[in-house]
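Text of the file upload31.txt, holding compact mmCIF, C-alpha atoms:
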```txt
# COMPACT_ATOMS: atom_id res chain seq x y z
CA MET A 1 17.35 0.75 15.66
CA THR A 2 14.76 -2.01 15.98
CA THR A 3 15.46 -5.68 15.42
CA THR A 4 13.56 -8.93 15.23
CA SER A 5 14.69 -12.39 14.20
CA GLU A 6 13.59 -11.49 10.67
CA THR A 7 14.72 -7.94 10.04
CA VAL A 8 16.59 -4.83 11.14
CA TRP A 9 15.35 -1.33 10.49
CA THR A 10 15.95 2.20 11.74
CA GLU A 11 13.22 4.44 13.15
CA HIS A 12 12.70 8.11 12.27
CA TYR A 13 10.17 10.95 12.43
CA PHE A 14 9.36 13.92 10.20
CA THR A 15 6.89 16.78 10.52
CA VAL A 16 4.64 17.94 7.70
CA GLU A 17 3.36 21.42 6.90
CA ASP A 18 0.33 21.33 9.21
CA GLY A 19 2.50 20.28 12.17
CA THR A 20 1.62 16.56 12.19
CA LYS A 21 4.51 14.34 13.31
CA LEU A 22 4.80 11.15 11.26
CA HIS A 23 6.86 8.03 11.92
CA TRP A 24 8.86 6.19 9.25
CA VAL A 25 11.25 3.26 9.09
CA GLU A 26 13.90 2.18 6.61
CA MET A 27 16.43 -0.49 5.79
CA GLY A 28 18.86 -1.12 2.95
CA SER A 29 20.45 1.35 0.54
CA GLY A 30 20.21 2.29 -3.11
CA THR A 31 17.26 3.42 -5.21
CA PRO A 32 14.40 4.31 -2.82
CA VAL A 33 11.23 2.23 -2.53
CA ILE A 34 8.44 4.01 -0.62
CA LEU A 35 5.74 1.69 0.72
CA ILE A 36 2.39 2.74 2.17
CA HIS A 37 0.38 0.44 4.44
CA GLY A 38 -3.33 -0.30 4.59
CA ALA A 39 -6.05 1.05 6.88
CA GLY A 40 -5.54 0.11 10.51
CA GLY A 41 -2.02 -1.09 9.74
CA SER A 42 1.50 0.23 9.99
CA ALA A 43 4.66 0.39 7.90
CA VAL A 44 6.39 -2.30 9.94
CA GLY A 45 3.40 -4.62 10.08
CA ASN A 46 2.50 -4.28 6.40
CA TRP A 47 5.96 -4.42 4.84
CA PHE A 48 8.83 -5.24 7.21
CA VAL A 49 7.96 -8.20 9.46
CA ASN A 50 6.29 -10.17 6.66
CA GLY A 51 9.46 -10.41 4.55
CA ILE A 52 8.90 -7.84 1.78
CA ALA A 53 11.28 -5.12 2.98
CA PRO A 54 14.09 -7.55 3.92
CA ALA A 55 13.86 -9.11 0.46
CA LEU A 56 14.20 -5.68 -1.21
CA ALA A 57 16.87 -4.28 1.13
CA PRO A 58 19.88 -5.97 -0.55
CA THR A 59 19.28 -3.85 -3.67
CA ASN A 60 17.22 -0.85 -2.53
CA ARG A 61 16.59 1.68 0.23
CA VAL A 62 13.22 0.51 1.55
CA ILE A 63 11.11 3.13 3.33
CA GLY A 64 7.81 2.61 5.09
CA ILE A 65 5.76 5.58 6.30
CA ASP A 66 3.13 5.35 9.05
CA MET A 67 0.20 7.34 7.73
CA ARG A 68 -1.65 9.83 9.92
CA GLY A 69 -3.31 8.17 12.91
CA HIS A 70 -1.60 4.86 12.18
CA GLY A 71 1.33 3.05 13.73
CA LEU A 72 3.43 5.53 15.69
CA SER A 73 2.32 8.63 13.76
CA ASP A 74 0.16 11.40 15.21
CA PRO A 75 -3.41 11.76 13.90
CA GLY A 76 -3.04 15.45 13.12
CA PRO A 77 -5.96 17.87 12.70
CA GLU A 78 -9.46 16.79 11.70
CA GLY A 79 -9.76 15.90 8.03
CA GLY A 80 -6.09 15.01 7.77
CA PHE A 81 -6.74 11.58 6.27
CA GLU A 82 -7.32 13.33 2.94
CA LYS A 83 -3.76 14.73 3.10
CA MET A 84 -1.98 11.38 3.10
CA SER A 85 -0.84 11.62 -0.53
CA THR A 86 0.49 15.10 0.11
CA ASP A 87 2.37 13.74 3.13
CA VAL A 88 4.20 11.27 0.89
CA VAL A 89 5.27 14.00 -1.53
CA GLU A 90 6.34 16.24 1.36
CA PHE A 91 8.40 13.38 2.78
CA MET A 92 10.15 12.97 -0.56
CA ASP A 93 10.86 16.70 -0.74
CA GLN A 94 12.32 16.73 2.78
CA GLN A 95 14.49 13.70 2.00
CA GLY A 96 15.68 15.09 -1.33
CA ILE A 97 14.15 12.14 -3.21
CA ASP A 98 13.24 13.23 -6.73
CA GLN A 99 11.88 9.86 -7.83
CA ALA A 100 11.16 6.52 -6.19
CA HIS A 101 9.36 3.24 -6.62
CA ILE A 102 6.08 4.09 -4.83
CA GLY A 103 3.43 1.59 -3.84
CA GLY A 104 0.74 0.81 -1.32
CA TYR A 105 -1.52 -1.89 0.02
CA SER A 106 -5.31 -1.43 0.24
CA MET A 107 -5.72 2.13 1.60
CA GLY A 108 -2.07 2.61 0.64
CA GLY A 109 -3.06 1.97 -2.98
CA PHE A 110 -5.56 4.82 -2.69
CA VAL A 111 -2.75 7.03 -1.35
CA THR A 112 -0.51 5.91 -4.22
CA ALA A 113 -3.27 6.81 -6.69
CA GLY A 114 -3.43 10.26 -5.11
CA VAL A 115 0.26 10.80 -5.81
CA LEU A 116 -0.22 9.51 -9.36
CA ALA A 117 -2.96 12.07 -9.92
CA THR A 118 -0.94 15.04 -8.69
CA ASN A 119 2.76 14.17 -9.06
CA PRO A 120 3.31 11.37 -11.60
CA GLU A 121 6.80 12.69 -12.29
CA ARG A 122 7.91 11.37 -8.88
CA PHE A 123 7.48 7.71 -9.90
CA LEU A 124 10.10 5.25 -11.12
CA SER A 125 7.36 2.64 -10.85
CA ALA A 126 3.98 2.26 -9.16
CA SER A 127 2.73 -0.78 -7.27
CA PHE A 128 -0.74 -1.64 -6.01
CA GLY A 129 -1.29 -4.43 -3.51
CA GLY A 130 -4.80 -5.40 -2.43
CA SER A 131 -5.93 -2.45 -4.54
CA GLY A 132 -6.00 -0.91 -8.01
CA LEU A 133 -7.87 1.74 -9.98
CA THR A 134 -11.62 1.85 -10.43
CA GLU A 135 -12.80 1.10 -13.96
CA THR A 136 -14.68 3.83 -15.81
CA GLU A 137 -18.46 3.60 -15.99
CA GLU A 138 -18.18 3.15 -19.76
CA TRP A 139 -16.18 -0.06 -19.33
CA ALA A 140 -17.64 -1.33 -16.04
CA ALA A 141 -19.83 -3.94 -17.75
CA SER A 142 -16.78 -5.43 -19.50
CA VAL A 143 -14.97 -6.37 -16.29
CA PRO A 144 -14.84 -10.19 -15.93
CA ALA A 145 -16.57 -11.65 -12.88
CA ASP A 146 -14.31 -12.10 -9.88
CA LYS A 147 -14.20 -15.23 -7.74
CA GLU A 148 -16.83 -15.23 -5.00
CA GLY A 149 -16.62 -16.33 -1.40
CA PRO A 150 -13.93 -16.07 1.27
CA ALA A 151 -10.40 -17.31 0.69
CA PRO A 152 -9.58 -20.58 2.48
CA GLU A 153 -7.37 -18.86 5.12
CA GLU A 154 -9.28 -15.58 5.35
CA GLU A 155 -11.29 -16.43 8.46
CA GLN A 156 -8.12 -17.43 10.29
CA ALA A 157 -6.31 -14.30 9.09
CA SER A 158 -9.25 -12.09 10.08
CA SER A 159 -9.38 -13.60 13.55
CA GLN A 160 -5.66 -13.03 13.98
CA PHE A 161 -6.04 -9.49 12.65
CA ARG A 162 -8.61 -8.74 15.35
CA ASN A 163 -7.31 -10.67 18.32
CA ARG A 164 -3.54 -11.09 18.43
CA ALA A 165 -1.91 -9.08 21.24
CA GLU A 166 -1.07 -5.66 19.89
CA VAL A 167 2.48 -4.44 19.34
CA PRO A 168 2.41 -0.64 18.84
CA GLY A 169 3.72 0.25 15.41
CA GLN A 170 3.16 -3.25 14.00
CA GLU A 171 -0.61 -3.29 13.57
CA VAL A 172 -1.26 -5.79 10.81
CA GLY A 173 -2.47 -9.01 12.34
CA ASN A 174 -2.26 -7.89 15.96
CA ALA A 175 -5.52 -6.33 17.12
CA ALA A 176 -5.34 -3.82 14.29
CA ALA A 177 -9.11 -3.41 14.28
CA SER A 178 -8.99 -1.89 17.77
CA ARG A 179 -6.70 0.98 16.79
CA PRO A 180 -8.20 4.52 16.85
CA ALA A 181 -7.41 5.02 13.15
CA ARG A 182 -9.37 1.90 12.28
CA THR A 183 -12.36 3.19 14.22
CA ALA A 184 -12.16 6.59 12.53
CA LEU A 185 -11.95 5.08 9.06
CA ALA A 186 -14.88 2.79 9.82
CA GLY A 187 -17.02 5.91 10.21
CA VAL A 188 -16.27 7.12 6.70
CA ASP A 189 -19.34 7.38 4.43
CA ARG A 190 -18.90 4.39 2.13
CA GLU A 191 -20.87 5.88 -0.77
CA ALA A 192 -18.87 9.11 -0.60
CA PHE A 193 -15.63 7.12 -0.40
CA VAL A 194 -16.49 5.14 -3.55
CA ALA A 195 -17.35 8.40 -5.33
CA ARG A 196 -13.94 9.82 -4.35
CA GLN A 197 -12.27 6.63 -5.60
CA ARG A 198 -13.96 6.94 -8.98
CA ALA A 199 -13.14 10.65 -9.25
CA LEU A 200 -9.51 10.04 -8.30
CA SER A 201 -9.18 7.21 -10.81
CA ALA A 202 -10.65 9.41 -13.54
CA ALA A 203 -8.07 12.10 -12.76
CA ILE A 204 -5.19 9.74 -13.56
CA ASP A 205 -3.95 9.70 -17.16
CA LEU A 206 -2.73 6.11 -17.22
CA ALA A 207 -1.98 6.03 -20.94
CA SER A 208 0.57 8.82 -20.58
CA PHE A 209 2.78 7.03 -18.03
CA GLU A 210 5.97 5.51 -19.35
CA PHE A 211 6.99 3.99 -16.00
CA PRO A 212 5.89 0.42 -15.15
CA ILE A 213 2.96 -0.48 -12.92
CA ILE A 214 2.26 -3.70 -11.05
CA ALA A 215 -0.84 -4.93 -9.21
CA ILE A 216 -0.75 -7.86 -6.78
CA ASN A 217 -4.09 -9.10 -5.48
CA GLY A 218 -5.49 -12.22 -3.92
CA GLU A 219 -7.64 -14.44 -6.11
CA TYR A 220 -10.58 -13.76 -3.75
CA ASP A 221 -9.91 -10.01 -3.49
CA ARG A 222 -11.65 -8.78 -6.69
CA PRO A 223 -8.47 -8.70 -8.80
CA TYR A 224 -10.32 -8.15 -12.10
CA ALA A 225 -12.39 -5.24 -10.80
CA LYS A 226 -9.26 -3.61 -9.38
CA THR A 227 -7.03 -4.01 -12.42
CA HIS A 228 -9.18 -4.00 -15.56
CA ARG A 229 -8.59 -0.33 -16.29
CA MET A 230 -4.83 -0.67 -15.80
CA TRP A 231 -4.83 -3.68 -18.12
CA ARG A 232 -6.65 -1.60 -20.77
CA GLU A 233 -4.73 1.65 -20.56
CA ALA A 234 -1.30 1.27 -18.98
CA ARG A 235 1.64 0.94 -21.38
CA ASN A 236 3.66 -1.31 -19.07
CA PHE A 237 1.46 -3.29 -16.67
CA THR A 238 2.15 -6.48 -14.74
CA ASN A 239 -0.79 -8.23 -13.09
CA VAL A 240 -0.20 -10.83 -10.37
CA VAL A 241 -3.08 -12.84 -8.91
CA LEU A 242 -2.26 -14.89 -5.81
CA PRO A 243 -4.07 -18.27 -5.89
CA GLY A 244 -6.25 -18.98 -2.87
CA LYS A 245 -5.55 -15.64 -1.17
CA GLY A 246 -7.87 -12.92 0.10
CA HIS A 247 -7.33 -9.36 1.28
CA LEU A 248 -5.62 -10.17 4.59
CA SER A 249 -4.19 -13.58 3.81
CA ALA A 250 -2.28 -12.08 0.87
CA ILE A 251 -0.17 -9.78 3.05
CA MET A 252 -0.12 -10.78 6.72
CA ARG A 253 2.90 -12.38 8.31
CA GLY A 254 2.33 -16.11 8.51
CA PHE A 255 -0.03 -16.03 5.51
CA ILE A 256 1.78 -14.04 2.81
CA PRO A 257 2.81 -16.32 -0.08
CA LYS A 258 6.35 -16.37 -1.41
CA GLN A 259 4.89 -15.33 -4.77
CA TYR A 260 4.03 -11.88 -3.39
CA ILE A 261 7.58 -11.29 -2.15
CA ASP A 262 9.21 -12.72 -5.27
CA SER A 263 6.95 -10.62 -7.54
CA MET A 264 7.87 -7.42 -5.72
CA VAL A 265 11.60 -8.18 -5.83
CA ALA A 266 11.54 -9.05 -9.54
CA PHE A 267 9.51 -5.96 -10.41
CA ILE A 268 11.60 -3.48 -8.39
CA THR A 269 15.02 -4.86 -9.31
CA THR A 270 14.14 -5.11 -13.01
CA ASN A 271 13.07 -1.47 -13.02
CA ASN A 272 15.88 0.02 -10.95
CA PRO A 273 17.78 2.69 -12.92
```

Target encoding structure tokens, full file:
Amino acid sequence: MTTTSETVWTEHYFTVEDGTKLHWVEMGSGTPVILIHGAGGSAVGNWFVNGIAPALAPTNRVIGIDMRGHGLSDPGPEGGFEKMSTDVVEFMDQQGIDQAHIGGYSMGGFVTAGVLATNPERFLSASFGGSGLTETEEWAASVPADKEGPAPEEEQASSQFRNRAEVPGQEVGNAAASRPARTALAGVDREAFVARQRALSAAIDLASFEFPIIAINGEYDRPYAKTHRMWREARNFTNVVLPGKGHLSAIMRGFIPKQYIDSMVAFITTNNP
């Protein structure tokens, strides 16, 4: 068991089909909420020490998984980053979890989209933080212009992200950019990544989903571009835009606004069975 002044969680490991050992943490009990962190981050850093998991724990079993090569998880074989969505489903199978609230931040939103494309029946709800689904080419010109420029606290958050002394397993805002996973992801072909994003988004039949979806993005983090397709097609969609926030300042401990935490709690508790 790990404790801080803010939270208490238990630490666990599981092994997936290709032999990769992955770390996960949990707190609370009840309907499961599975949360997936962003690139260069960790479950604890992205969801637990910033107040989100403790706010959900009174009503739900909150689970955070360290993705391959992140936090305290092993990197696994080459090319394993493309298996992250499968890892989430395999975790659910091992835990006997038929359905859960599933959501991710940034890269974690991409992982969430991967599960949506292959196993939508596993969702009680879907949440996207610092992320969303790419609009189709047909509708791309209809997306309203997003706010330009950096968020007021983004430079400070970015500096903290790069330079704060690292705590292994809590890599959001503590030298996260120096982690091996961050370096590996930085080498990804950007054009190919965007093409995969568009293909993945196109594979998701949003209009067929009866479960609710929420997106929470900073005002300076392209919220319209990330959510326009969900706004058009999803039957039950909640869109939250955080005033004055950017990609890091929306989620990092010390910067995360109460609105983010309150929005997650209201969305999850309202949609618990």

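Take atom CA of Ala215 of chain A and atom CA of Pro75 of chain A: the distance between them is 28.6 Å.
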
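Distance-wise, atom CA of Thr227 of chain A and atom CA of Gln170 of chain A end up 28.3 Å apart.
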
Problem set entry | Pick from A:Val143, A:Ala100, A:Ile65, A:Leu72 nearest to Pro32 of chain A, counting only C-alpha atoms | A:Ala100

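Atom CA of Val88 of chain A sits 19.4 Å away from atom CA of Trp9 of chain A.
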
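Around Ser201 of chain A, within 12 Å and counting all atoms listed in the file, the residues found are Gly109, Phe110, Val111, Thr112, Ala113, Gly114, Val115, Leu116, Ala117, Thr118, Ser131, Gly132, Leu133, Thr134, Glu135, Thr136, Glu137, Val194, Ala195, Lys226, Thr227, Arg229 and Met230 of chain A, once anything fewer than 6 positions away on its own chain is removed.
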
Problem set entry | 10 Å contact set for Glu233 of chain A, only C-alpha atoms, chain neighbours under 6 positions out, as a ChimeraX atom specification | /A:205-209

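Proximity to Ser142 of chain A was assessed for A:Ala225, A:Met92, A:Met107, A:Ala250 counting only C-alpha atoms; the smallest distance is recorded for A:Ala225.
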
For this session: Write out as a PyMOL selection string which residues come within 8 Å of segment 35-41 of chain A when counting all atoms listed in the file, dropping same-chain ones fewer than 4 positions away.
Result: chain A and resi 45-47+62-67+70-71+102-109+111-112+170-172+176-177+179+181-182+185

Exercise. Can you tell me, as a VMD selection string, what residues are no more than 10 Å from Glu17 of chain A when counting only C-alpha atoms, ignoring any on the same chain fewer than 4 positions away?
Worked result: chain A and resid 21 86 to 87 90

Exercise. Using all atoms listed in the file, which residues sit within 7 Å of Asp74 of chain A once same-chain residues fewer than 3 positions away are excluded, as a list in words?
Worked result: Thr20, Lys21, Leu22, Arg68 and Gly69 of chain A

Exercise. Taking (-6.4, -10.7, -1.0) in the file's coordinates, which residues come within 12 Å, counting all atoms listed in the file, written as a ChimeraX atom specification?
Worked result: /A:105-106,128-131,146-147,149-154,157-158,215-223,226,240-252,255-257,260

Please define a box with edges along x, y and z of the file around all atoms of segment 246-249 of chain A given in the file, extend it by 6 Å on each side, and return its centre and edge lengths in Å to one decimal, as AutoDock Vina command-line options.
```
--center_x -6.0 --center_y -11.5 --center_z 2.3 --size_x 15.7 --size_y 16.2 --size_z 16.5
```

Any chance you could model N, CA and C atoms for segment 37-61 of chain A and send them as an mmCIF file, keeping the file's coordinate frame?
```cif
data_model
loop_
_atom_site.group_PDB
_atom_site.id
_atom_site.type_symbol
_atom_site.label_atom_id
_atom_site.label_comp_id
_atom_site.auth_asym_id
_atom_site.auth_seq_id
_atom_site.Cartn_x
_atom_site.Cartn_y
_atom_site.Cartn_z
ATOM 1 N N HIS A 37 1.181 1.535 3.875
ATOM 2 C CA HIS A 37 0.380 0.440 4.440
ATOM 3 C C HIS A 37 -1.118 0.656 4.262
ATOM 4 N N GLY A 38 -1.884 -0.351 4.678
ATOM 5 C CA GLY A 38 -3.330 -0.300 4.590
ATOM 6 C C GLY A 38 -3.983 0.290 5.833
ATOM 7 N N ALA A 39 -5.291 0.472 5.774
ATOM 8 C CA ALA A 39 -6.050 1.050 6.880
ATOM 9 C C ALA A 39 -5.929 0.184 8.131
ATOM 10 N N GLY A 40 -5.680 0.828 9.257
ATOM 11 C CA GLY A 40 -5.540 0.110 10.510
ATOM 12 C C GLY A 40 -4.204 -0.582 10.664
ATOM 13 N N GLY A 41 -3.315 -0.420 9.696
ATOM 14 C CA GLY A 41 -2.020 -1.090 9.740
ATOM 15 C C GLY A 41 -0.890 -0.140 10.069
ATOM 16 N N SER A 42 0.310 -0.575 9.754
ATOM 17 C CA SER A 42 1.500 0.230 9.990
ATOM 18 C C SER A 42 2.549 -0.161 8.963
ATOM 19 N N ALA A 43 3.577 0.678 8.838
ATOM 20 C CA ALA A 43 4.660 0.390 7.900
ATOM 21 C C ALA A 43 5.343 -0.920 8.239
ATOM 22 N N VAL A 44 5.679 -1.095 9.518
ATOM 23 C CA VAL A 44 6.390 -2.300 9.940
ATOM 24 C C VAL A 44 5.537 -3.538 9.740
ATOM 25 N N GLY A 45 4.272 -3.459 10.169
ATOM 26 C CA GLY A 45 3.400 -4.620 10.080
ATOM 27 C C GLY A 45 3.065 -5.013 8.654
ATOM 28 N N ASN A 46 2.932 -4.020 7.771
ATOM 29 C CA ASN A 46 2.500 -4.280 6.400
ATOM 30 C C ASN A 46 3.645 -4.680 5.469
ATOM 31 N N TRP A 47 4.878 -4.250 5.799
ATOM 32 C CA TRP A 47 5.960 -4.420 4.840
ATOM 33 C C TRP A 47 7.244 -5.028 5.389
ATOM 34 N N PHE A 48 7.515 -4.874 6.688
ATOM 35 C CA PHE A 48 8.830 -5.240 7.210
ATOM 36 C C PHE A 48 8.851 -6.627 7.865
ATOM 37 N N VAL A 49 7.904 -6.925 8.753
ATOM 38 C CA VAL A 49 7.960 -8.200 9.460
ATOM 39 C C VAL A 49 7.437 -9.370 8.633
ATOM 40 N N ASN A 50 6.816 -9.078 7.490
ATOM 41 C CA ASN A 50 6.290 -10.170 6.660
ATOM 42 C C ASN A 50 7.253 -10.591 5.550
ATOM 43 N N GLY A 51 8.426 -9.960 5.474
ATOM 44 C CA GLY A 51 9.460 -10.410 4.550
ATOM 45 C C GLY A 51 9.667 -9.572 3.315
ATOM 46 N N ILE A 52 8.769 -8.618 3.017
ATOM 47 C CA ILE A 52 8.900 -7.840 1.780
ATOM 48 C C ILE A 52 10.098 -6.897 1.847
ATOM 49 N N ALA A 53 10.172 -6.068 2.866
ATOM 50 C CA ALA A 53 11.280 -5.120 2.980
ATOM 51 C C ALA A 53 12.639 -5.817 3.058
ATOM 52 N N PRO A 54 12.786 -6.865 3.886
ATOM 53 C CA PRO A 54 14.090 -7.550 3.920
ATOM 54 C C PRO A 54 14.503 -8.129 2.577
ATOM 55 N N ALA A 55 13.532 -8.547 1.772
ATOM 56 C CA ALA A 55 13.860 -9.110 0.460
ATOM 57 C C ALA A 55 14.309 -8.025 -0.513
ATOM 58 N N LEU A 56 13.832 -6.793 -0.329
ATOM 59 C CA LEU A 56 14.200 -5.680 -1.210
ATOM 60 C C LEU A 56 15.467 -4.957 -0.742
ATOM 61 N N ALA A 57 15.773 -5.054 0.553
ATOM 62 C CA ALA A 57 16.870 -4.280 1.130
ATOM 63 C C ALA A 57 18.254 -4.554 0.533
ATOM 64 N N PRO A 58 18.551 -5.757 0.050
ATOM 65 C CA PRO A 58 19.880 -5.970 -0.550
ATOM 66 C C PRO A 58 20.148 -5.108 -1.785
ATOM 67 N N THR A 59 19.095 -4.628 -2.439
ATOM 68 C CA THR A 59 19.280 -3.850 -3.670
ATOM 69 C C THR A 59 18.745 -2.428 -3.573
ATOM 70 N N ASN A 60 17.925 -2.131 -2.569
ATOM 71 C CA ASN A 60 17.220 -0.850 -2.530
ATOM 72 C C ASN A 60 17.114 -0.292 -1.104
ATOM 73 N N ARG A 61 16.921 1.015 -1.026
ATOM 74 C CA ARG A 61 16.590 1.680 0.230
ATOM 75 C C ARG A 61 15.082 1.570 0.407
#
```
